[in-house]
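Engineer: Next comes run.cif, mmCIF, C-alpha atoms and all ligand atoms:
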data_my_file
loop_
_atom_site.group_PDB
_atom_site.id
_atom_site.type_symbol
_atom_site.label_atom_id
_atom_site.label_comp_id
_atom_site.auth_asym_id
_atom_site.auth_seq_id
_atom_site.Cartn_x
_atom_site.Cartn_y
_atom_site.Cartn_z
ATOM 1 C CA MET F 873 4.257 14.384 -11.106
ATOM 2 C CA TRP F 874 4.956 14.227 -14.815
ATOM 3 C CA ASN F 875 6.199 16.655 -17.453
ATOM 4 C CA TYR F 876 5.338 16.261 -21.113
ATOM 5 C CA GLU F 877 8.159 16.158 -23.628
ATOM 6 C CA LYS F 878 7.052 17.155 -27.096
ATOM 7 C CA ARG F 879 8.656 14.347 -29.086
ATOM 8 C CA LEU F 880 8.196 10.594 -29.509
ATOM 9 C CA GLN F 881 10.653 8.259 -27.804
ATOM 10 C CA TYR F 882 11.386 6.830 -31.261
ATOM 11 C CA PRO F 883 10.206 8.489 -34.500
ATOM 12 C CA VAL F 884 7.028 7.339 -36.269
ATOM 13 C CA LYS F 885 6.755 8.431 -39.913
ATOM 14 C CA ILE F 886 4.178 6.428 -41.856
ATOM 15 C CA THR F 887 3.255 7.627 -45.344
ATOM 16 C CA GLN F 888 0.847 4.825 -46.428
ATOM 17 C CA THR F 889 -2.482 4.476 -44.599
ATOM 18 C CA ASN F 890 -3.624 0.944 -43.739
ATOM 19 C CA PRO F 891 -6.758 0.718 -41.566
ATOM 20 C CA LYS F 892 -6.603 -3.106 -41.512
ATOM 21 C CA ILE F 893 -3.228 -3.078 -39.774
ATOM 22 C CA ALA F 894 -4.300 -0.152 -37.553
ATOM 23 C CA GLN F 895 -7.078 -2.332 -36.113
ATOM 24 C CA ILE F 896 -4.490 -4.931 -35.153
ATOM 25 C CA ILE F 897 -1.875 -2.543 -33.747
ATOM 26 C CA ILE F 898 -4.470 -0.705 -31.615
ATOM 27 C CA THR F 899 -4.371 -3.754 -29.344
ATOM 28 C CA GLN F 900 -1.077 -2.412 -27.978
ATOM 29 C CA PHE F 901 -2.987 0.710 -26.897
ATOM 30 C CA GLY F 902 -5.917 -0.925 -25.085
ATOM 31 C CA GLY F 903 -5.493 -4.694 -25.368
ATOM 32 C CA PRO F 904 -4.716 -7.226 -22.605
ATOM 33 C CA ASP F 905 -0.920 -6.913 -23.054
ATOM 34 C CA GLY F 906 -0.875 -3.318 -24.286
ATOM 35 C CA GLU F 907 1.083 -0.271 -23.185
ATOM 36 C CA LEU F 908 -1.738 1.382 -21.221
ATOM 37 C CA GLY F 909 -2.157 -1.678 -19.001
ATOM 38 C CA ALA F 910 1.625 -2.013 -18.688
ATOM 39 C CA SER F 911 2.003 1.560 -17.471
ATOM 40 C CA MET F 912 -0.923 1.359 -15.049
ATOM 41 C CA ARG F 913 0.342 -1.969 -13.660
ATOM 42 C CA TYR F 914 3.820 -0.674 -12.775
ATOM 43 C CA LEU F 915 2.709 2.741 -11.584
ATOM 44 C CA ALA F 916 0.047 1.130 -9.361
ATOM 45 C CA GLN F 917 2.433 -1.439 -7.880
ATOM 46 C CA ARG F 918 5.140 1.012 -6.821
ATOM 47 C CA TYR F 919 3.483 2.725 -3.823
ATOM 48 C CA THR F 920 3.861 -0.216 -1.432
ATOM 49 C CA MET F 921 7.129 -1.565 -2.890
ATOM 50 C CA PRO F 922 9.632 -1.658 0.006
ATOM 51 C CA TYR F 923 12.820 -1.853 -2.140
ATOM 52 C CA LYS F 924 14.082 1.490 -3.439
ATOM 53 C CA GLU F 925 15.721 -0.031 -6.527
ATOM 54 C CA VAL F 926 12.461 -1.732 -7.487
ATOM 55 C CA THR F 927 10.392 1.402 -6.833
ATOM 56 C CA GLY F 928 12.772 3.178 -9.234
ATOM 57 C CA VAL F 929 12.384 0.481 -11.879
ATOM 58 C CA LEU F 930 8.563 0.500 -11.568
ATOM 59 C CA THR F 931 8.457 4.303 -11.810
ATOM 60 C CA ASP F 932 10.826 4.581 -14.761
ATOM 61 C CA ILE F 933 9.425 1.646 -16.755
ATOM 62 C CA GLY F 934 5.854 2.762 -15.951
ATOM 63 C CA THR F 935 6.782 6.174 -17.348
ATOM 64 C CA GLU F 936 8.463 4.728 -20.437
ATOM 65 C CA GLU F 937 5.321 2.669 -21.174
ATOM 66 C CA LEU F 938 3.406 5.963 -21.441
ATOM 67 C CA ALA F 939 5.854 7.014 -24.138
ATOM 68 C CA HIS F 940 5.213 3.659 -25.870
ATOM 69 C CA LEU F 941 1.476 4.239 -25.656
ATOM 70 C CA GLU F 942 2.037 7.554 -27.432
ATOM 71 C CA MET F 943 4.059 5.832 -30.182
ATOM 72 C CA ILE F 944 1.310 3.228 -30.697
ATOM 73 C CA CYS F 945 -1.304 5.988 -30.903
ATOM 74 C CA ALA F 946 0.868 7.874 -33.408
ATOM 75 C CA ILE F 947 1.126 4.701 -35.535
ATOM 76 C CA VAL F 948 -2.647 4.110 -35.466
ATOM 77 C CA TYR F 949 -3.336 7.793 -36.125
ATOM 78 C CA GLN F 950 -1.024 7.873 -39.148
ATOM 79 C CA LEU F 951 -2.373 4.562 -40.496
ATOM 80 C CA THR F 952 -5.957 5.908 -40.471
ATOM 81 C CA LYS F 953 -5.420 9.544 -41.425
ATOM 82 C CA ASN F 954 -7.787 11.121 -43.999
ATOM 83 C CA LEU F 955 -9.581 7.846 -44.820
ATOM 84 C CA SER F 956 -12.481 8.074 -47.232
ATOM 85 C CA PRO F 957 -15.831 6.359 -46.447
ATOM 86 C CA GLU F 958 -15.098 3.892 -49.273
ATOM 87 C CA GLU F 959 -11.710 2.942 -47.804
ATOM 88 C CA ILE F 960 -13.309 2.556 -44.370
ATOM 89 C CA GLU F 961 -15.912 0.189 -45.745
ATOM 90 C CA ARG F 962 -13.487 -1.818 -47.863
ATOM 91 C CA SER F 963 -10.945 -2.338 -45.065
ATOM 92 C CA GLY F 964 -13.355 -3.539 -42.382
ATOM 93 C CA PHE F 965 -12.731 -0.397 -40.314
ATOM 94 C CA ALA F 966 -16.448 0.530 -40.234
ATOM 95 C CA PRO F 967 -17.309 -0.995 -36.810
ATOM 96 C CA TYR F 968 -14.552 1.084 -35.138
ATOM 97 C CA TYR F 969 -15.341 4.155 -37.235
ATOM 98 C CA VAL F 970 -19.018 4.205 -36.320
ATOM 99 C CA ASP F 971 -18.170 4.515 -32.614
ATOM 100 C CA HIS F 972 -14.995 6.631 -32.686
ATOM 101 C CA THR F 973 -14.728 8.167 -36.198
ATOM 102 C CA LEU F 974 -10.895 8.461 -36.597
ATOM 103 C CA ALA F 975 -10.176 9.215 -32.931
ATOM 104 C CA LEU F 976 -8.034 7.035 -30.659
ATOM 105 C CA TRP F 977 -9.770 4.863 -28.073
ATOM 106 C CA PRO F 978 -8.134 2.130 -25.969
ATOM 107 C CA GLN F 979 -9.429 -1.222 -27.117
ATOM 108 C CA ALA F 980 -8.087 -4.653 -28.002
ATOM 109 C CA ALA F 981 -7.887 -5.826 -31.607
ATOM 110 C CA SER F 982 -11.057 -7.806 -30.872
ATOM 111 C CA GLY F 983 -12.906 -4.569 -29.967
ATOM 112 C CA THR F 984 -12.970 -5.326 -26.224
ATOM 113 C CA PRO F 985 -12.525 -2.087 -24.225
ATOM 114 C CA TRP F 986 -9.388 -1.576 -22.139
ATOM 115 C CA SER F 987 -9.831 -2.932 -18.627
ATOM 116 C CA ALA F 988 -7.888 -2.827 -15.366
ATOM 117 C CA THR F 989 -8.847 -6.510 -14.988
ATOM 118 C CA THR F 990 -5.982 -7.297 -17.403
ATOM 119 C CA PHE F 991 -3.413 -6.652 -14.642
ATOM 120 C CA GLN F 992 -2.789 -7.105 -10.946
ATOM 121 C CA SER F 993 -1.326 -5.037 -8.176
ATOM 122 C CA LYS F 994 -1.095 -7.715 -5.526
ATOM 123 C CA GLY F 995 0.991 -6.129 -2.793
ATOM 124 C CA ASP F 996 3.679 -8.818 -2.590
ATOM 125 C CA PRO F 997 6.990 -8.062 -4.371
ATOM 126 C CA ILE F 998 7.685 -11.632 -5.538
ATOM 127 C CA THR F 999 4.146 -11.988 -6.852
ATOM 128 C CA ASP F 1000 4.099 -8.593 -8.554
ATOM 129 C CA LEU F 1001 7.551 -8.946 -10.126
ATOM 130 C CA ASN F 1002 6.632 -12.352 -11.535
ATOM 131 C CA GLU F 1003 3.534 -10.740 -13.037
ATOM 132 C CA ASP F 1004 5.725 -7.959 -14.485
ATOM 133 C CA LEU F 1005 8.168 -10.450 -16.022
ATOM 134 C CA ALA F 1006 5.259 -12.320 -17.632
ATOM 135 C CA ALA F 1007 3.724 -9.045 -18.827
ATOM 136 C CA GLU F 1008 6.910 -8.053 -20.661
ATOM 137 C CA GLN F 1009 7.042 -11.445 -22.400
ATOM 138 C CA LYS F 1010 3.351 -11.244 -23.349
ATOM 139 C CA ALA F 1011 3.940 -7.812 -24.867
ATOM 140 C CA ARG F 1012 6.997 -9.143 -26.705
ATOM 141 C CA THR F 1013 4.934 -12.024 -28.153
ATOM 142 C CA THR F 1014 2.248 -9.558 -29.248
ATOM 143 C CA TYR F 1015 4.869 -7.507 -31.103
ATOM 144 C CA ASP F 1016 6.229 -10.702 -32.681
ATOM 145 C CA ASN F 1017 2.694 -11.532 -33.844
ATOM 146 C CA ILE F 1018 2.237 -8.015 -35.227
ATOM 147 C CA LEU F 1019 5.573 -8.220 -37.086
ATOM 148 C CA ARG F 1020 4.412 -11.413 -38.829
ATOM 149 C CA LEU F 1021 1.374 -9.553 -40.186
ATOM 150 C CA VAL F 1022 2.947 -6.202 -41.106
ATOM 151 C CA LYS F 1023 4.970 -5.777 -44.295
ATOM 152 C CA ASP F 1024 5.359 -1.966 -44.444
ATOM 153 C CA PRO F 1025 8.926 -1.129 -43.256
ATOM 154 C CA GLU F 1026 7.754 2.270 -41.993
ATOM 155 C CA VAL F 1027 5.460 0.436 -39.560
ATOM 156 C CA CYS F 1028 7.842 -2.434 -38.740
ATOM 157 C CA ASP F 1029 10.640 -0.091 -37.699
ATOM 158 C CA PRO F 1030 8.975 1.522 -34.631
ATOM 159 C CA ILE F 1031 7.292 -1.812 -33.753
ATOM 160 C CA ARG F 1032 10.737 -3.461 -33.650
ATOM 161 C CA PHE F 1033 11.954 -0.715 -31.333
ATOM 162 C CA LEU F 1034 9.005 -1.356 -28.982
ATOM 163 C CA ARG F 1035 9.645 -5.099 -29.075
ATOM 164 C CA GLN F 1036 13.257 -4.567 -28.020
ATOM 165 C CA ARG F 1037 12.183 -2.423 -25.085
ATOM 166 C CA GLU F 1038 10.093 -5.308 -23.717
ATOM 167 C CA ILE F 1039 13.247 -7.421 -23.631
ATOM 168 C CA VAL F 1040 15.210 -4.720 -21.776
ATOM 169 C CA HIS F 1041 12.345 -4.256 -19.298
ATOM 170 C CA TYR F 1042 12.260 -8.018 -18.735
ATOM 171 C CA GLN F 1043 15.970 -7.893 -17.905
ATOM 172 C CA ARG F 1044 15.506 -5.041 -15.385
ATOM 173 C CA PHE F 1045 12.561 -6.805 -13.719
ATOM 174 C CA GLY F 1046 14.691 -9.954 -13.485
ATOM 175 C CA GLU F 1047 17.370 -7.979 -11.653
ATOM 176 C CA SER F 1048 14.669 -6.469 -9.434
ATOM 177 C CA LEU F 1049 13.435 -9.929 -8.469
ATOM 178 C CA ARG F 1050 16.999 -10.945 -7.634
ATOM 179 C CA ILE F 1051 17.436 -7.884 -5.407
ATOM 180 C CA VAL F 1052 14.246 -8.826 -3.528
ATOM 181 C CA GLN F 1053 15.190 -12.496 -3.176
ATOM 182 C CA ASP F 1054 18.736 -11.667 -2.048
ATOM 183 C CA ASP F 1055 17.188 -9.692 0.793
ATOM 184 C CA LEU F 1056 14.760 -12.415 1.860
ATOM 185 C CA ASP F 1057 15.502 -15.605 3.784
ATOM 186 C CA SER F 1058 17.087 -17.819 1.119
ATOM 187 C CA ARG F 1059 15.722 -20.949 2.816
ATOM 188 C CA ASN F 1060 12.172 -19.651 2.524
ATOM 189 C CA PHE F 1061 11.449 -16.621 0.316
ATOM 190 C CA TYR F 1062 7.818 -16.871 1.330
ATOM 191 C CA ALA F 1063 8.305 -16.797 5.091
ATOM 192 C CA PHE F 1064 6.766 -13.333 5.140
ATOM 193 C CA ASN F 1065 5.534 -10.622 2.802
ATOM 194 C CA PRO F 1066 7.855 -7.574 3.016
ATOM 195 C CA GLU F 1067 5.059 -5.335 1.712
ATOM 196 C CA PHE F 1068 2.797 -6.304 4.621
ATOM 197 C CA ASP F 1069 4.477 -8.194 7.494
ATOM 198 C CA LYS F 1070 6.937 -6.047 9.379
ATOM 199 C CA MET N 1163 37.126 21.651 -18.713
ATOM 200 C CA ASN N 1164 33.334 21.266 -18.588
ATOM 201 C CA GLU N 1165 32.953 24.768 -19.978
ATOM 202 C CA GLN N 1166 35.145 23.922 -22.921
ATOM 203 C CA MET N 1167 33.322 20.671 -23.613
ATOM 204 C CA ASN N 1168 29.991 22.465 -23.449
ATOM 205 C CA ARG N 1169 31.165 25.033 -25.966
ATOM 206 C CA GLN N 1170 32.423 22.300 -28.279
ATOM 207 C CA MET N 1171 29.102 20.484 -28.115
ATOM 208 C CA MET N 1172 27.180 23.707 -28.693
ATOM 209 C CA ASN N 1173 29.199 24.347 -31.845
ATOM 210 C CA GLN N 1174 28.507 20.817 -33.048
ATOM 211 C CA THR N 1175 24.752 21.058 -32.540
ATOM 212 C CA ARG N 1176 24.624 24.542 -34.051
ATOM 213 C CA GLN N 1177 25.766 23.159 -37.396
ATOM 214 C CA MET N 1178 22.896 20.657 -37.529
ATOM 215 C CA ASN N 1179 19.655 21.278 -39.378
ATOM 216 C CA ARG N 1180 16.339 20.736 -37.637
ATOM 217 C CA ARG N 1181 15.987 17.053 -38.528
ATOM 218 C CA GLN N 1182 19.584 16.276 -37.534
ATOM 219 C CA LEU N 1183 19.268 18.095 -34.228
ATOM 220 C CA LEU N 1184 16.056 16.258 -33.471
ATOM 221 C CA ASN N 1185 17.629 12.890 -34.308
ATOM 222 C CA HIS N 1186 20.531 13.843 -32.070
ATOM 223 C CA ILE N 1187 18.117 14.665 -29.214
ATOM 224 C CA ASN N 1188 16.243 11.380 -29.735
ATOM 225 C CA GLN N 1189 19.437 9.344 -29.690
ATOM 226 C CA ILE N 1190 20.975 11.061 -26.714
ATOM 227 C CA SER N 1191 17.682 10.936 -24.793
ATOM 228 C CA PHE N 1192 17.461 7.224 -25.460
ATOM 229 C CA ALA N 1193 20.949 6.788 -24.035
ATOM 230 C CA VAL N 1194 19.837 8.698 -20.924
ATOM 231 C CA ASP N 1195 16.653 6.604 -20.551
ATOM 232 C CA GLU N 1196 18.539 3.361 -20.989
ATOM 233 C CA VAL N 1197 21.362 4.084 -18.553
ATOM 234 C CA LYS N 1198 18.932 5.576 -16.014
ATOM 235 C CA LEU N 1199 17.010 2.309 -15.974
ATOM 236 C CA TYR N 1200 20.244 0.332 -15.682
ATOM 237 C CA LEU N 1201 21.376 2.516 -12.774
ATOM 238 C CA ASP N 1202 18.140 1.763 -10.889
ATOM 239 C CA THR N 1203 19.355 -1.810 -10.412
ATOM 240 C CA HIS N 1204 23.120 -1.012 -10.520
ATOM 241 C CA PRO N 1205 23.325 2.226 -8.505
ATOM 242 C CA CYS N 1206 27.060 1.810 -7.727
ATOM 243 C CA ASP N 1207 28.326 1.243 -11.284
ATOM 244 C CA ASN N 1208 30.751 4.155 -11.680
ATOM 245 C CA GLU N 1209 31.224 3.714 -15.390
ATOM 246 C CA ALA N 1210 27.452 3.877 -15.946
ATOM 247 C CA LEU N 1211 27.230 6.905 -13.689
ATOM 248 C CA GLU N 1212 29.895 8.708 -15.694
ATOM 249 C CA TYR N 1213 28.077 7.800 -18.932
ATOM 250 C CA PHE N 1214 24.835 9.119 -17.474
ATOM 251 C CA ARG N 1215 26.457 12.449 -16.578
ATOM 252 C CA LYS N 1216 27.950 12.844 -20.023
ATOM 253 C CA MET N 1217 24.779 11.982 -21.920
ATOM 254 C CA SER N 1218 22.536 13.997 -19.638
ATOM 255 C CA ARG N 1219 24.706 17.095 -20.081
ATOM 256 C CA GLN N 1220 24.643 16.724 -23.865
ATOM 257 C CA ARG N 1221 20.890 16.217 -23.832
ATOM 258 C CA ASN N 1222 20.234 19.357 -21.823
ATOM 259 C CA LEU N 1223 22.416 21.434 -24.110
ATOM 260 C CA ALA N 1224 20.754 20.027 -27.236
ATOM 261 C CA LEU N 1225 17.268 20.686 -25.830
ATOM 262 C CA LYS N 1226 18.230 24.326 -25.134
ATOM 263 C CA GLU N 1227 19.680 24.634 -28.615
ATOM 264 C CA TYR N 1228 16.525 23.206 -30.188
ATOM 265 C CA ALA N 1229 14.272 25.495 -28.168
ATOM 266 C CA SER N 1230 16.101 28.632 -29.194
ATOM 267 C CA ALA N 1231 16.179 27.654 -32.881
ATOM 268 C CA TYR N 1232 12.780 25.971 -33.421
ATOM 269 C CA GLY N 1233 10.639 26.094 -30.281
ATOM 270 C CA PRO N 1234 10.588 24.217 -26.986
ATOM 271 C CA LEU N 1235 10.225 20.438 -26.568
ATOM 272 C CA THR N 1236 10.092 20.746 -22.765
ATOM 273 C CA VAL N 1237 8.654 23.339 -20.403
ATOM 274 C CA ASP N 1238 12.090 23.870 -18.860
ATOM 275 C CA THR N 1239 13.521 25.069 -22.171
ATOM 276 C CA ALA N 1240 10.479 27.176 -23.096
ATOM 277 C CA GLU N 1241 12.230 30.339 -21.935
ATOM 278 C CA ASP N 1242 15.137 29.640 -24.305
ATOM 279 C CA SER N 1243 12.706 30.079 -27.165
ATOM 280 C CA CYS N 1244 13.168 33.635 -28.388
ATOM 281 C CA ALA N 1245 9.732 33.903 -29.999
ATOM 282 C CA GLU N 1246 7.203 36.564 -29.072
ATOM 283 C CA ARG N 1247 4.346 34.102 -29.093
ATOM 284 C CA TRP N 1248 3.655 30.895 -27.140
ATOM 285 C CA ASN N 1249 5.537 28.447 -29.360
ATOM 286 C CA TRP N 1250 4.547 25.367 -27.343
ATOM 287 C CA ILE N 1251 1.293 25.197 -29.314
ATOM 288 C CA ASN N 1252 2.552 26.563 -32.606
ATOM 289 C CA GLU N 1253 5.074 23.852 -33.424
ATOM 290 C CA PRO N 1254 3.565 20.566 -34.678
ATOM 291 C CA TRP N 1255 2.795 17.814 -32.156
ATOM 292 C CA PRO N 1256 4.910 14.659 -32.345
ATOM 293 C CA TRP N 1257 2.310 12.509 -34.141
ATOM 294 C CA GLN N 1258 1.648 15.169 -36.788
ATOM 295 C CA GLU N 1259 3.471 15.842 -40.034
ATOM 296 C CA GLY N 1260 6.664 17.790 -39.362
ATOM 297 C CA GLY N 1261 6.424 16.816 -35.703
ATOM 298 C CA CYS N 1262 9.071 15.156 -33.634
HETATM 299 FE FE FE F 1301 7.587 -2.800 -21.358
#
Translate this file's structure into structure tokens.
Ligand SMILES: [Fe+2]
Structural biologist:
Amino acid sequence: MWNYEKRLQYPVKITQTNPKIAQIIITQFGGPDGELGASMRYLAQRYTMPYKEVTGVLTDIGTEELAHLEMICAIVYQLTKNLSPEEIERSGFAPYYVDHTLALWPQAASGTPWSATTFQSKGDPITDLNEDLAAEQKARTTYDNILRLVKDPEVCDPIRFLRQREIVHYQRFGESLRIVQDDLDSRNFYAFNPEFDK
Amino acid sequence: MNEQMNRQMMNQTRQMNRRQLLNHINQISFAVDEVKLYLDTHPCDNEALEYFRKMSRQRNLALKEYASAYGPLTVDTAEDSCAERWNWINEPWPWQEGGC
């Protein structure tokens, strides 16, 4: 079960609205490499994971990604707060606005709705951990791309924090993969699937 | 020993204003999150374990302190809040102005 903590993992204080940038950053809420998909991926994979260290990593990173999702939503919310109809029209925010007004909805920057088809839960620890390693790098690249487009330091600061977390998560998943491989037959890691074959 | 350290930390946090105490909670909580994740893959690292204990203790004290001065950030510290009313909903939410 989960308990809510009434604070952001890292503070978000944006004083200048910018709906153009909000439409880009929202991709880390509901896009293919966003925080919602990241959290669902790890939390889904953990039930059949036979290594206690890796179950811990999946649970704790899956939980942290929820905190990242909240930071992204706070950024988008603050970037689009109190917009006037004129600003909405001028900034190209109208297509989002017509469907969601100023509310948060998980979509990619392209407008594609969030989908569970952006991740796998395959039931094989080597397969899943390789997916998780790739996912962290894809998220890191997305944050790099965002940082090339954003100039406002109040926005860059929390985005940089999120980018760094992807690198730490990548490190922990790398150690997880090593733990799994150390346990398997070093001459053939694929001799059997420890999540299925007993 | 622990008692004395606790009292020292309490005195430190008591001198902070709201913003400073919140920053302190954010920083110390980050330390807890980070070392917790590290311990998942290094469960026998004694130095990390000691660091976890220290940070976790400080975090719990700071959360209690914050709850009694400004309102609870967690349900477990809600009873430390001395208010008559249900402060959980009265204090701003983290994404709002004045929030955490
Ligand atoms: Fe991550």
Engineer: Quick one: which residues end up in the PyMOL selection byres ((chain F and not hetatm) within 6 of (chain N)) for this structure, as a list in words?
Structural biologist: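 Those residues are Glu877, Lys878, Arg879, Leu880, Glu925, Gly928, Val929 and Ala946 of chain F.
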Engineer: Could you dump the residues just selected with C-alpha atoms as a PDB file, keeping the file's coordinate frame?
Structural biologist:
ATOM      1  CA  GLU F 877       8.159  16.158 -23.628  1.00  0.00           C
ATOM      2  CA  LYS F 878       7.052  17.155 -27.096  1.00  0.00           C
ATOM      3  CA  ARG F 879       8.656  14.347 -29.086  1.00  0.00           C
ATOM      4  CA  LEU F 880       8.196  10.594 -29.509  1.00  0.00           C
ATOM      5  CA  GLU F 925      15.721  -0.031  -6.527  1.00  0.00           C
ATOM      6  CA  GLY F 928      12.772   3.178  -9.234  1.00  0.00           C
ATOM      7  CA  VAL F 929      12.384   0.481 -11.879  1.00  0.00           C
ATOM      8  CA  ALA F 946       0.868   7.874 -33.408  1.00  0.00           C
TER       9      ALA F 946
END
Engineer: Check the smallest atom-to-atom distance from each of F:Gln950, F:Ser911, F:Gln979, F:Ser1058 to ligand FE 1301 (chain F) using all atoms listed in the file, then report the winner.
Structural biologist: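 Checking each candidate against ligand FE 1301 (chain F), we get F:Ser911 as the closest.
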Engineer: With all atoms listed in the file as the basis for distance, which of F:Pro997, F:Pro904, F:Gly1046, F:Pro978 is at the shortest distance from F:Tyr919?
Structural biologist: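 That would be F:Pro997, the residue with the smallest distance to F:Tyr919.
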Engineer: Compute the set of protein, DNA and RNA residues whose minimum atom distance to ligand FE 1301 (chain F) is at most 9 Å, using only C-alpha atoms and all ligand atoms, and state it as a list in words.
Structural biologist: Gly906, Glu907, Ala910, Ser911, Ile933, Gly934, Glu936, Glu937, His940, Asp1004, Ala1007, Glu1008, Gln1009, Ala1011, Arg1012, Leu1034, Arg1035, Gln1036, Arg1037, Glu1038, Ile1039, Val1040, His1041 and Tyr1042 of chain F
Engineer: Write the residues of the selection above to a file with C-alpha atoms, as a PDB file, in the coordinates of the input.
Structural biologist:
ATOM      1  CA  GLY F 906      -0.875  -3.318 -24.286  1.00  0.00           C
ATOM      2  CA  GLU F 907       1.083  -0.271 -23.185  1.00  0.00           C
ATOM      3  CA  ALA F 910       1.625  -2.013 -18.688  1.00  0.00           C
ATOM      4  CA  SER F 911       2.003   1.560 -17.471  1.00  0.00           C
ATOM      5  CA  ILE F 933       9.425   1.646 -16.755  1.00  0.00           C
ATOM      6  CA  GLY F 934       5.854   2.762 -15.951  1.00  0.00           C
ATOM      7  CA  GLU F 936       8.463   4.728 -20.437  1.00  0.00           C
ATOM      8  CA  GLU F 937       5.321   2.669 -21.174  1.00  0.00           C
ATOM      9  CA  HIS F 940       5.213   3.659 -25.870  1.00  0.00           C
ATOM     10  CA  ASP F1004       5.725  -7.959 -14.485  1.00  0.00           C
ATOM     11  CA  ALA F1007       3.724  -9.045 -18.827  1.00  0.00           C
ATOM     12  CA  GLU F1008       6.910  -8.053 -20.661  1.00  0.00           C
ATOM     13  CA  GLN F1009       7.042 -11.445 -22.400  1.00  0.00           C
ATOM     14  CA  ALA F1011       3.940  -7.812 -24.867  1.00  0.00           C
ATOM     15  CA  ARG F1012       6.997  -9.143 -26.705  1.00  0.00           C
ATOM     16  CA  LEU F1034       9.005  -1.356 -28.982  1.00  0.00           C
ATOM     17  CA  ARG F1035       9.645  -5.099 -29.075  1.00  0.00           C
ATOM     18  CA  GLN F1036      13.257  -4.567 -28.020  1.00  0.00           C
ATOM     19  CA  ARG F1037      12.183  -2.423 -25.085  1.00  0.00           C
ATOM     20  CA  GLU F1038      10.093  -5.308 -23.717  1.00  0.00           C
ATOM     21  CA  ILE F1039      13.247  -7.421 -23.631  1.00  0.00           C
ATOM     22  CA  VAL F1040      15.210  -4.720 -21.776  1.00  0.00           C
ATOM     23  CA  HIS F1041      12.345  -4.256 -19.298  1.00  0.00           C
ATOM     24  CA  TYR F1042      12.260  -8.018 -18.735  1.00  0.00           C
TER      25      TYR F1042
END
Engineer: Please identify all polymer residues lying at most 6 Å from the point (-5.0, 3.7, -39.0) (file coordinates), using all atoms listed in the file, and present the result as a list in words.
Structural biologist: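 Using all atoms listed in the file, the matching residues come out as Asn890, Pro891, Ala894, Val948, Tyr949, Gln950, Leu951 and Thr952 of chain F.
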Engineer: In terms of the shortest atom-to-atom distance over only C-alpha atoms, which of N:Ser1218, N:Asn1249, N:Ser1230, N:Thr1239 is closest to N:Arg1180?
Structural biologist: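 Selected residue with least distance to N:Arg1180: N:Ser1230.
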Engineer: Quick check, in Å to one decimal: how far apart do atom CA of F:Lys1010 and atom CA of F:Gln900 lie?
Structural biologist: 10.9 Å
Engineer: Atom CA of F:Glu1003 and atom CA of F:Leu1021, how far apart in Å?
Structural biologist: 27.3 Å
Engineer: Could you tell me how far atom CA of N:Leu1183 sits from atom CA of N:Tyr1228, in Å to one decimal place?
Structural biologist: 7.1 Å
Engineer: Applied to the shown file, which residues does the PyMOL selection byres (((chain F and resi 915) around 8) and not hetatm) return, written as a list in words?
Structural biologist: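 On the file shown, the PyMOL selection byres (((chain F and resi 915) around 8) and not hetatm) covers Ser911, Met912, Arg913, Tyr914, Ala916, Gln917, Arg918, Tyr919, Leu930, Thr931, Gly934 and Thr935 of chain F.
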Engineer: Name the residues that the PyMOL selection byres (((chain F and resi 922) around 10) and not hetatm) picks from the file above, as a list in words, using the file's chain letters and numbers.
Structural biologist: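 Output from the PyMOL selection byres (((chain F and resi 922) around 10) and not hetatm), applied to this file: Arg918, Tyr919, Thr920, Met921, Tyr923, Lys924, Glu925, Val926, Thr927, Asp996, Pro997, Val1052, Pro1066, Glu1067 and Phe1068 of chain F.
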Engineer: Could you name the residues that touch N:Met1172 at 9 Å or less, counting all atoms listed in the file, but leaving out those on the same chain fewer than 6 positions away, as an NGL selection string?
Structural biologist: :N and (1220 or 1223-1224 or 1227)
Engineer: Between N:Ile1251, N:Ala1193, N:Met1217, N:Ala1231, single out the one closest to N:Gln1177, counting all atoms listed in the file.
Structural biologist: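 Going through N:Ile1251, N:Ala1193, N:Met1217, N:Ala1231 one by one, the smallest distance to N:Gln1177 is for N:Ala1231.
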Engineer: Kindly list the centre and edge lengths in Å, rounded to one decimal, for the axis-aligned box that covers all listed atoms of stretch 913-929 of chain F plus 8 Å on each of its six sides, as JSON.
Structural biologist:
{"center_x": 7.9, "center_y": 0.6, "center_z": -6.8, "size_x": 31.7, "size_y": 21.1, "size_z": 29.7}
Engineer: So which one's closest to F:Ile896, F:Gln1043, F:Thr989, F:Asn875, F:Asn1017? Using all atoms listed in the file, please.
Structural biologist: F:Asn1017
Engineer: Nearest residue to F:Asp932 out of N:Lys1226, N:Val1197, N:Arg1247, N:Ala1240, using only C-alpha atoms?
Structural biologist: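 Comparing N:Lys1226, N:Val1197, N:Arg1247, N:Ala1240 against F:Asp932, the winner is N:Val1197.
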Engineer: Around (-5.6, -4.6, -31.9) in the file's frame, which residues reach within 9 Å when counting only C-alpha atoms? Return as a VMD selection string?
Structural biologist: chain F and resid 893 to 903 979 to 983
